[in-house]
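Raw input.txt, compact mmCIF, C-alpha atoms:
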# COMPACT_ATOMS: atom_id res chain seq x y z
CA MET O 881 23.32 -10.80 -13.89
CA THR O 882 20.34 -13.08 -14.54
CA ARG O 883 17.12 -11.23 -15.13
CA GLN O 884 14.44 -12.28 -12.64
CA PRO O 885 10.98 -13.67 -13.53
CA LYS O 886 8.20 -11.12 -13.86
CA VAL O 887 6.27 -10.29 -10.69
CA THR O 888 2.58 -10.82 -11.45
CA LYS O 889 0.96 -11.37 -8.02
CA ALA O 890 0.25 -8.79 -5.35
CA VAL O 891 -1.19 -9.17 -1.86
CA PHE O 892 -3.33 -6.38 -0.42
CA PRO O 893 -3.76 -6.72 3.37
CA VAL O 894 -7.15 -5.06 3.94
CA ALA O 895 -8.43 -6.84 7.05
CA GLY O 896 -7.76 -3.99 9.50
CA LEU O 897 -10.60 -2.48 11.52
CA GLY O 898 -9.63 1.13 10.81
CA THR O 899 -10.20 2.14 14.41
CA ARG O 900 -8.37 5.46 13.97
CA PHE O 901 -11.20 6.59 11.69
CA LEU O 902 -14.16 5.56 13.82
CA PRO O 903 -17.06 6.14 13.64
CA ALA O 904 -16.72 6.47 9.83
CA THR O 905 -15.26 2.96 9.61
CA LYS O 906 -18.02 1.37 11.66
CA SER O 907 -19.74 0.34 8.42
CA VAL O 908 -17.32 1.54 5.70
CA PRO O 909 -13.94 -0.20 5.27
CA LYS O 910 -11.13 2.32 5.66
CA GLU O 911 -9.81 1.27 2.24
CA LEU O 912 -12.96 2.79 0.72
CA LEU O 913 -12.43 6.21 2.29
CA PRO O 914 -12.14 8.63 -0.64
CA LEU O 915 -9.01 10.56 -1.50
CA VAL O 916 -10.79 13.30 -3.46
CA ASP O 917 -13.10 11.06 -5.54
CA ARG O 918 -11.26 7.73 -5.61
CA PRO O 919 -11.05 5.35 -2.65
CA LEU O 920 -7.68 4.49 -1.19
CA ILE O 921 -7.87 0.93 -2.53
CA GLN O 922 -8.20 2.24 -6.09
CA TYR O 923 -4.88 4.08 -5.85
CA ALA O 924 -3.24 0.82 -4.74
CA ILE O 925 -4.87 -1.15 -7.55
CA ASP O 926 -3.87 1.41 -10.17
CA GLU O 927 -0.29 1.34 -8.92
CA ALA O 928 -0.23 -2.45 -9.10
CA ARG O 929 -1.59 -2.43 -12.64
CA ALA O 930 1.09 0.05 -13.72
CA ALA O 931 3.68 -2.37 -12.33
CA GLY O 932 2.33 -5.25 -14.43
CA ILE O 933 0.46 -7.08 -11.67
CA GLU O 934 -2.09 -9.53 -13.07
CA GLU O 935 -3.33 -11.37 -9.96
CA PHE O 936 -4.78 -9.37 -7.06
CA ILE O 937 -5.05 -11.13 -3.70
CA PHE O 938 -7.04 -9.34 -1.00
CA VAL O 939 -6.71 -10.48 2.62
CA THR O 940 -10.02 -9.48 4.14
CA ALA O 941 -11.96 -10.05 7.36
CA ARG O 942 -15.49 -9.94 8.68
CA GLY O 943 -17.23 -6.67 7.83
CA LYS O 944 -15.38 -6.09 4.54
CA SER O 945 -18.20 -7.07 2.16
CA ALA O 946 -18.48 -3.47 0.91
CA LEU O 947 -14.89 -3.72 -0.29
CA GLU O 948 -15.68 -6.90 -2.19
CA ASP O 949 -18.74 -5.21 -3.70
CA TYR O 950 -16.58 -2.30 -4.82
CA LEU O 951 -14.28 -4.68 -6.70
CA ASP O 952 -17.24 -6.37 -8.40
CA HIS O 953 -18.92 -5.38 -11.66
CA ALA O 954 -21.91 -2.99 -11.34
CA PRO O 955 -24.02 -3.73 -14.46
CA GLN O 956 -27.08 -1.75 -13.35
CA LEU O 957 -25.06 1.37 -12.56
CA SER O 958 -23.17 1.03 -15.86
CA ALA O 959 -26.43 0.72 -17.79
CA THR O 960 -27.89 3.79 -16.06
CA LEU O 961 -24.84 5.91 -16.90
CA ARG O 962 -24.87 4.64 -20.47
CA LEU O 963 -28.55 5.51 -20.92
CA GLY O 964 -27.87 8.97 -19.52
CA ASN O 965 -24.95 9.41 -21.94
CA LYS O 966 -22.68 10.14 -18.97
CA THR O 967 -19.59 8.92 -20.76
CA SER O 968 -16.99 10.50 -18.48
CA LEU O 969 -18.55 8.95 -15.37
CA LEU O 970 -18.88 5.64 -17.17
CA ALA O 971 -15.17 5.74 -18.01
CA GLU O 972 -14.34 6.37 -14.35
CA LEU O 973 -16.54 3.44 -13.34
CA GLU O 974 -14.89 1.14 -15.87
CA ARG O 975 -11.49 1.92 -14.35
CA THR O 976 -12.64 0.16 -11.18
CA ARG O 977 -13.62 -3.03 -12.96
CA MET O 978 -11.30 -5.98 -12.43
CA PRO O 979 -10.73 -8.62 -15.13
CA THR O 980 -12.60 -11.89 -14.65
CA GLY O 981 -10.51 -14.29 -12.59
CA ALA O 982 -7.94 -11.66 -11.58
CA VAL O 983 -9.21 -11.23 -8.00
CA ALA O 984 -8.95 -13.71 -5.15
CA TYR O 985 -9.73 -13.41 -1.44
CA ALA O 986 -8.19 -14.89 1.69
CA ARG O 987 -9.68 -14.35 5.15
CA GLN O 988 -7.79 -13.33 8.26
CA ASP O 989 -9.90 -14.56 11.14
CA GLU O 990 -8.17 -12.49 13.83
CA PRO O 991 -5.86 -9.45 13.81
CA ARG O 992 -2.40 -10.90 14.43
CA GLY O 993 -0.20 -8.53 12.46
CA LEU O 994 0.92 -7.84 8.91
CA GLY O 995 3.01 -11.01 8.75
CA HIS O 996 0.00 -13.10 9.68
CA ALA O 997 -2.14 -11.36 7.03
CA VAL O 998 0.40 -12.17 4.31
CA TRP O 999 0.70 -15.75 5.59
CA CYS O 1000 -3.08 -16.15 5.23
CA ALA O 1001 -2.61 -15.74 1.46
CA ARG O 1002 0.14 -18.36 1.17
CA HIS O 1003 -1.91 -20.90 -0.83
CA LEU O 1004 -2.86 -18.23 -3.36
CA ILE O 1005 0.71 -16.98 -3.65
CA GLY O 1006 2.28 -20.36 -4.26
CA ASN O 1007 5.99 -20.71 -5.01
CA THR O 1008 6.60 -17.43 -6.79
CA ALA O 1009 7.87 -13.96 -5.96
CA PHE O 1010 5.07 -11.60 -5.00
CA ALA O 1011 4.40 -7.99 -4.11
CA VAL O 1012 2.72 -6.64 -0.99
CA ILE O 1013 0.93 -3.29 -1.11
CA LEU O 1014 -0.48 -1.49 1.93
CA PRO O 1015 -3.32 0.77 0.72
CA ASP O 1016 -2.85 3.06 3.75
CA ASP O 1017 0.43 4.19 2.19
CA VAL O 1018 -0.38 6.31 -0.84
CA ILE O 1019 2.77 7.20 -2.78
CA ALA O 1020 2.72 9.93 -5.40
CA GLY O 1021 5.56 10.27 -7.88
CA PRO O 1022 6.46 10.59 -11.55
CA THR O 1023 6.61 6.78 -11.80
CA PRO O 1024 4.43 4.60 -9.55
CA CYS O 1025 6.47 3.25 -6.64
CA LEU O 1026 5.79 -0.44 -7.26
CA GLN O 1027 6.68 -0.01 -10.92
CA GLN O 1028 10.05 1.42 -9.87
CA MET O 1029 10.57 -1.55 -7.57
CA VAL O 1030 9.55 -4.16 -10.16
CA GLU O 1031 12.07 -2.69 -12.58
CA ALA O 1032 14.80 -2.81 -9.92
CA TYR O 1033 13.79 -6.33 -8.86
CA ALA O 1034 14.17 -7.60 -12.42
CA GLU O 1035 17.89 -6.91 -12.05
CA CYS O 1036 18.58 -7.73 -8.38
CA GLY O 1037 16.06 -10.42 -7.32
CA GLY O 1038 15.89 -11.53 -3.70
CA ASN O 1039 13.72 -9.42 -1.42
CA LEU O 1040 13.05 -5.73 -1.90
CA VAL O 1041 11.48 -3.28 0.56
CA ALA O 1042 10.53 0.34 -0.05
CA ALA O 1043 12.45 2.74 2.18
CA MET O 1044 12.32 6.41 3.09
CA GLU O 1045 13.90 8.66 5.68
CA VAL O 1046 11.79 9.66 8.68
CA ALA O 1047 12.36 12.07 11.55
CA PRO O 1048 14.42 10.48 14.36
CA ASP O 1049 11.51 10.81 16.79
CA MET O 1050 9.32 8.74 14.42
CA VAL O 1051 11.51 5.62 14.14
CA GLY O 1052 9.46 3.90 16.84
CA SER O 1053 6.54 3.72 14.41
CA TYR O 1054 8.35 1.80 11.65
CA GLY O 1055 10.59 -1.07 10.74
CA ILE O 1056 14.04 0.55 10.52
CA LEU O 1057 16.82 -0.61 8.19
CA ASP O 1058 20.47 -1.22 8.85
CA ALA O 1059 21.63 -0.96 5.25
CA GLU O 1060 24.53 0.16 3.09
CA PHE O 1061 23.61 2.48 0.25
CA GLY O 1062 25.92 3.68 -2.45
CA GLN O 1063 25.04 6.34 -4.99
CA GLY O 1064 22.00 4.49 -6.33
CA ARG O 1065 18.59 3.70 -4.92
CA LEU O 1066 19.40 0.11 -3.87
CA GLY O 1067 21.05 -0.68 -0.55
CA ALA O 1068 22.08 -4.06 0.85
CA VAL O 1069 20.21 -4.72 4.10
CA LYS O 1070 22.25 -6.11 7.00
CA GLY O 1071 19.47 -5.96 9.56
CA MET O 1072 16.07 -4.54 10.38
CA LEU O 1073 14.43 -3.60 13.68
CA GLU O 1074 10.67 -3.31 14.13
CA LYS O 1075 9.66 -0.12 15.96
CA PRO O 1076 12.94 0.47 17.84
CA SER O 1077 13.51 3.21 20.37
CA PRO O 1078 15.42 6.19 18.91
CA GLU O 1079 18.58 5.26 20.82
CA ASN O 1080 18.52 1.70 19.46
CA ALA O 1081 17.60 2.52 15.86
CA PRO O 1082 20.36 1.65 13.36
CA SER O 1083 19.29 4.54 11.10
CA ASN O 1084 16.28 6.68 10.31
CA LEU O 1085 15.55 4.76 7.10
CA ALA O 1086 12.07 3.33 7.47
CA VAL O 1087 10.31 0.52 5.61
CA VAL O 1088 6.98 1.66 4.15
CA GLY O 1089 4.14 -0.21 2.54
CA ARG O 1090 5.64 -1.72 -0.63
CA TYR O 1091 7.47 -5.04 -0.77
CA ILE O 1092 8.60 -7.60 -3.34
CA LEU O 1093 9.30 -10.88 -1.57
CA ASP O 1094 10.70 -14.31 -2.23
CA PRO O 1095 8.23 -17.11 -1.33
CA ALA O 1096 10.76 -18.38 1.25
CA VAL O 1097 9.46 -15.56 3.48
CA LEU O 1098 6.22 -17.54 3.78
CA ASP O 1099 8.15 -20.45 5.32
CA HIS O 1100 9.37 -18.15 8.08
CA LEU O 1101 5.87 -16.78 8.62
CA SER O 1102 4.59 -20.35 8.98
CA GLN O 1103 6.56 -20.60 12.22
CA GLN O 1104 4.09 -18.07 13.68
CA SER O 1105 6.82 -16.36 15.72
CA ILE O 1106 5.55 -13.48 17.83
CA GLY O 1107 7.41 -10.21 17.44
CA ALA O 1108 7.00 -6.54 18.37
CA GLY O 1109 3.59 -5.58 19.71
CA GLY O 1110 2.69 -9.23 20.29
CA GLU O 1111 2.07 -9.67 16.55
CA ILE O 1112 3.53 -11.75 13.73
CA GLN O 1113 5.74 -9.24 11.99
CA LEU O 1114 6.52 -9.36 8.28
CA THR O 1115 9.83 -7.62 8.91
CA ASP O 1116 10.97 -10.51 11.16
CA ALA O 1117 10.40 -12.99 8.32
CA ILE O 1118 12.33 -10.77 5.90
CA VAL O 1119 15.22 -10.44 8.37
CA ALA O 1120 15.35 -14.26 8.59
CA GLU O 1121 16.23 -14.27 4.88
CA ILE O 1122 19.37 -12.16 5.39
CA GLY O 1123 22.30 -14.47 4.71
CA ARG O 1124 20.07 -16.96 2.91
CA SER O 1125 19.15 -14.68 0.02
CA SER O 1126 19.65 -11.01 -0.77
CA VAL O 1127 17.57 -8.35 0.94
CA TYR O 1128 17.60 -4.81 -0.43
CA GLY O 1129 16.15 -1.50 0.58
CA TYR O 1130 14.88 0.67 -2.27
CA ARG O 1131 14.75 4.45 -1.85
CA PHE O 1132 11.88 5.25 -4.17
CA ASP O 1133 11.31 8.47 -6.05
CA GLY O 1134 8.07 9.94 -4.74
CA ARG O 1135 6.23 11.26 -1.72
CA ARG O 1136 4.46 8.96 0.68
CA TYR O 1137 1.28 9.91 2.53
CA ASP O 1138 0.29 7.96 5.62
CA CYS O 1139 -3.44 7.73 5.05
CA GLY O 1140 -3.77 5.43 8.03
CA SER O 1141 -3.54 8.52 10.24
CA LYS O 1142 -6.00 11.41 10.26
CA ALA O 1143 -3.32 14.06 9.76
CA GLY O 1144 -1.70 12.11 6.93
CA TYR O 1145 -5.03 11.50 5.27
CA LEU O 1146 -5.90 15.20 5.37
CA ARG O 1147 -2.45 16.11 4.07
CA ALA O 1148 -2.95 13.75 1.14
CA MET O 1149 -6.41 15.17 0.47
CA VAL O 1150 -5.02 18.68 0.15
CA ALA O 1151 -2.06 17.60 -1.99
CA PHE O 1152 -4.11 15.50 -4.40
CA ALA O 1153 -6.85 18.12 -4.73
CA LEU O 1154 -4.30 20.79 -5.59
CA GLU O 1155 -2.90 18.52 -8.34
CA ARG O 1156 -6.30 18.39 -10.05
CA PRO O 1157 -6.74 21.06 -12.77
CA ASP O 1158 -10.53 20.86 -12.35
CA LEU O 1159 -10.30 21.58 -8.61
CA ARG O 1160 -7.14 23.59 -8.03
CA ASP O 1161 -8.41 27.17 -8.35
CA ASP O 1162 -11.60 26.69 -6.35
CA PHE O 1163 -9.82 24.65 -3.71
CA GLU O 1164 -6.99 27.16 -3.30
CA ALA O 1165 -9.58 29.87 -2.79
CA CYS O 1166 -11.39 27.67 -0.28
CA LEU O 1167 -8.21 27.02 1.68
CA ALA O 1168 -7.35 30.70 1.71
CA SER O 1169 -10.81 31.60 3.01
CA VAL O 1170 -10.34 29.18 5.91
CA VAL O 1171 -6.67 29.69 6.74
CA GLN O 1172 -6.29 33.44 6.41
CA PRO O 1173 -8.95 34.38 9.02
CA GLN O 1174 -7.43 31.88 11.45
CA VAL O 1175 -3.96 33.32 10.99
CA ALA O 1176 -5.30 36.85 11.43
CA ALA O 1177 -7.09 35.81 14.62
CA GLN O 1178 -3.87 34.48 16.11
Mind converting the file's structure to structure tokens?
Amino acid sequence: MTRQPKVTKAVFPVAGLGTRFLPATKSVPKELLPLVDRPLIQYAIDEARAAGIEEFIFVTARGKSALEDYLDHAPQLSATLRLGNKTSLLAELERTRMPTGAVAYARQDEPRGLGHAVWCARHLIGNTAFAVILPDDVIAGPTPCLQQMVEAYAECGGNLVAAMEVAPDMVGSYGILDAEFGQGRLGAVKGMLEKPSPENAPSNLAVVGRYILDPAVLDHLSQQSIGAGGEIQLTDAIVAEIGRSSVYGYRFDGRRYDCGSKAGYLRAMVAFALERPDLRDDFEACLASVVQPQVAAQ
């Protein structure tokens, strides 16, 4: 089997309004909401770096200037930390710095769906395979999810979507795969339905926010076809590639947290805080002091 070219570009759709987190997101992009002490976008960037991504394409919208500032260099803050000999904080700050020329922006002028957001970046993507990362989906695991997918893609090529099982009553919130899996993590996709009803869902295997796509998907998106929810759906463009090129589902090793929902965000906050040696003991005691009286009261 021919080994595929290296995936070096990733698209980050970050134009959403974050209405589920209002009023916090009135002036702060939801991608900058902190998960312990790092914003959601930083987890996505770190995952992309681990996967070998070199070009970072952010699809933004009006009101996202704070996100662009976050990705910029902060020389005054760096100098202040250096003068104060705050080396650990300086190291954390340096982790957020992006290499010169590695970041590009495309603007989505109106919210027309994930497919439309990716299409807005078409000129920056060019004619090469690319990754798509949704910062709302934070995935924790022994190996970063996109790194797992890049390694699998090097062998299989085509189009690759991250997949996980969801409860049957949740299939209406996801793109659901009709796929054949063997003993491994890769499964050949025969079809995909966006947000089906439980009785029409081909499985409970849901597509979550990691993709590696052939540039031919952009041609399908250029048709601006309206799908579920009156939006241009990325899943529809991927389905159009079935029979033209290979489409695979990839059951990743890790746990996904839906930080686009309040409950998922809080669940991630607890899980990530408990993983931190510097926070675990105090945080466990804090949780116990809150939970135990409530349980006793019930």
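Proximity to Leu969 in chain O was assessed for O:Leu957, O:Ala1096, O:Ala1032, O:Gly1109 counting only C-alpha atoms; the smallest distance is recorded for O:Leu957.
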Restrict the calculation to all atoms listed in the file, then for each residue of range 1084-1148 of chain O with any atom at most 9 Å from an atom of range 1033-1037 of chain O give the closest atom pair and their distance in Å to one decimal, rows by chain and rising residue number, as a Markdown table.
| residue | atom | partner | partner_atom | distance |
| --- | --- | --- | --- | --- |
| O:Ile1092 | CA | O:Tyr1033 | CA | 7.7 |
| O:Leu1093 | CA | O:Gly1037 | CA | 8.9 |
| O:Asp1094 | CA | O:Gly1037 | CA | 8.4 |
| O:Ser1126 | CA | O:Gly1037 | CA | 7.5 |
| O:Val1127 | CA | O:Gly1037 | CA | 8.6 |
| O:Tyr1128 | CA | O:Cys1036 | CA | 8.5 |
Here CA of Ser968 in chain O and CA of Arg918 in chain O stand apart by 14.4 Å
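The closest residue to Pro1015 in chain O, picked from O:Leu913, O:Val1087, O:Ala1042, O:Leu902 and counting all atoms listed in the file, is O:Leu913.
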CA of Ile1122 in chain O sits from CA of Pro1078 in chain O at a separation of 23.1 Å
From the list O:Glu1074, O:Glu1111, O:Asp1017, O:Asp917, the nearest residue to Tyr1091 in chain O using only C-alpha atoms is O:Asp1017
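Going from CA of Ile925 in chain O to CA of Glu1164 in chain O covers 28.7 Å.
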In terms of all atoms listed in the file, the residue from O:Leu1085, O:Gln1027, O:Asp952, O:Ser1053 at minimal distance from Gly981 in chain O is O:Asp952
Determine, using only C-alpha atoms, which residues of range 991-1109 of chain O have any atom at most 9 Å from an atom of range 930-936 of chain O, and tabulate each with its shortest atom pair and distance in Å to one decimal place, rows ordered by chain and then rising number, as JSON lines.
{"residue": "O:Ala1011", "atom": "CA", "partner": "O:Ile933", "partner_atom": "CA", "distance": 8.6}
{"residue": "O:Thr1023", "atom": "CA", "partner": "O:Ala930", "partner_atom": "CA", "distance": 8.9}
{"residue": "O:Pro1024", "atom": "CA", "partner": "O:Ala930", "partner_atom": "CA", "distance": 7.0}
{"residue": "O:Cys1025", "atom": "CA", "partner": "O:Ala931", "partner_atom": "CA", "distance": 8.5}
{"residue": "O:Leu1026", "atom": "CA", "partner": "O:Ala931", "partner_atom": "CA", "distance": 5.8}
{"residue": "O:Gln1027", "atom": "CA", "partner": "O:Ala931", "partner_atom": "CA", "distance": 4.1}
{"residue": "O:Gln1028", "atom": "CA", "partner": "O:Ala931", "partner_atom": "CA", "distance": 7.8}
{"residue": "O:Met1029", "atom": "CA", "partner": "O:Ala931", "partner_atom": "CA", "distance": 8.4}
{"residue": "O:Val1030", "atom": "CA", "partner": "O:Ala931", "partner_atom": "CA", "distance": 6.5}
{"residue": "O:Glu1031", "atom": "CA", "partner": "O:Ala931", "partner_atom": "CA", "distance": 8.4}
Could you write those residues out with C-alpha atoms, as a tab-separated table (two decimals), in the frame of the given file?
chain	number	residue	atom	x	y	z
O	1011	ALA	CA	4.40	-7.99	-4.11
O	1023	THR	CA	6.61	6.78	-11.80
O	1024	PRO	CA	4.43	4.60	-9.55
O	1025	CYS	CA	6.47	3.25	-6.64
O	1026	LEU	CA	5.79	-0.44	-7.26
O	1027	GLN	CA	6.68	-0.01	-10.92
O	1028	GLN	CA	10.05	1.42	-9.87
O	1029	MET	CA	10.57	-1.55	-7.57
O	1030	VAL	CA	9.55	-4.16	-10.16
O	1031	GLU	CA	12.07	-2.69	-12.58
Counting all atoms listed in the file, the residue among O:Val983, O:Leu915, O:Cys1000, O:Ala890 that lies closest to Ile1112 in chain O is O:Cys1000
Restricting to all atoms listed in the file, whichever of O:Ala959, O:Leu1154, O:Ile921, O:Leu994 is closest to Asp1116 in chain O is O:Leu994
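When the distance limit is 9 Å and all atoms listed in the file are what count, the residues near Ala1120 in chain O, minus those fewer than 5 positions from it on the same chain, are Val1097, His1100 and Thr1115 of chain O.
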Expected file: the selected residues, C-alpha atoms, as a PDB file, keeping the file's coordinate frame:
ATOM      1  CA  VAL O1097       9.460 -15.560   3.480  1.00  0.00           C
ATOM      2  CA  HIS O1100       9.370 -18.150   8.080  1.00  0.00           C
ATOM      3  CA  THR O1115       9.830  -7.620   8.910  1.00  0.00           C
TER       4      THR O1115
END
Selection: 10 Å around Asp1099 in chain O, only C-alpha atoms, excl. self and same-chain fewer than 4 positions, as a JSON list (two decimals) with C-alpha atoms, in the coordinates of the input:
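Saved result, selection_20.json, follows:
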[["chain", "number", "residue", "atom", "x", "y", "z"],
["O", 999, "TRP", "CA", 0.70, -15.75, 5.59],
["O", 1002, "ARG", "CA", 0.14, -18.36, 1.17],
["O", 1095, "PRO", "CA", 8.23, -17.11, -1.33],
["O", 1103, "GLN", "CA", 6.56, -20.60, 12.22],
["O", 1104, "GLN", "CA", 4.09, -18.07, 13.68],
["O", 1117, "ALA", "CA", 10.40, -12.99, 8.32]]
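Residues lying within 9 Å of Ser1077 in chain O, counting only C-alpha atoms and ignoring same-chain neighbours fewer than 5 positions away, are Asp1049, Val1051 and Gly1052 of chain O.
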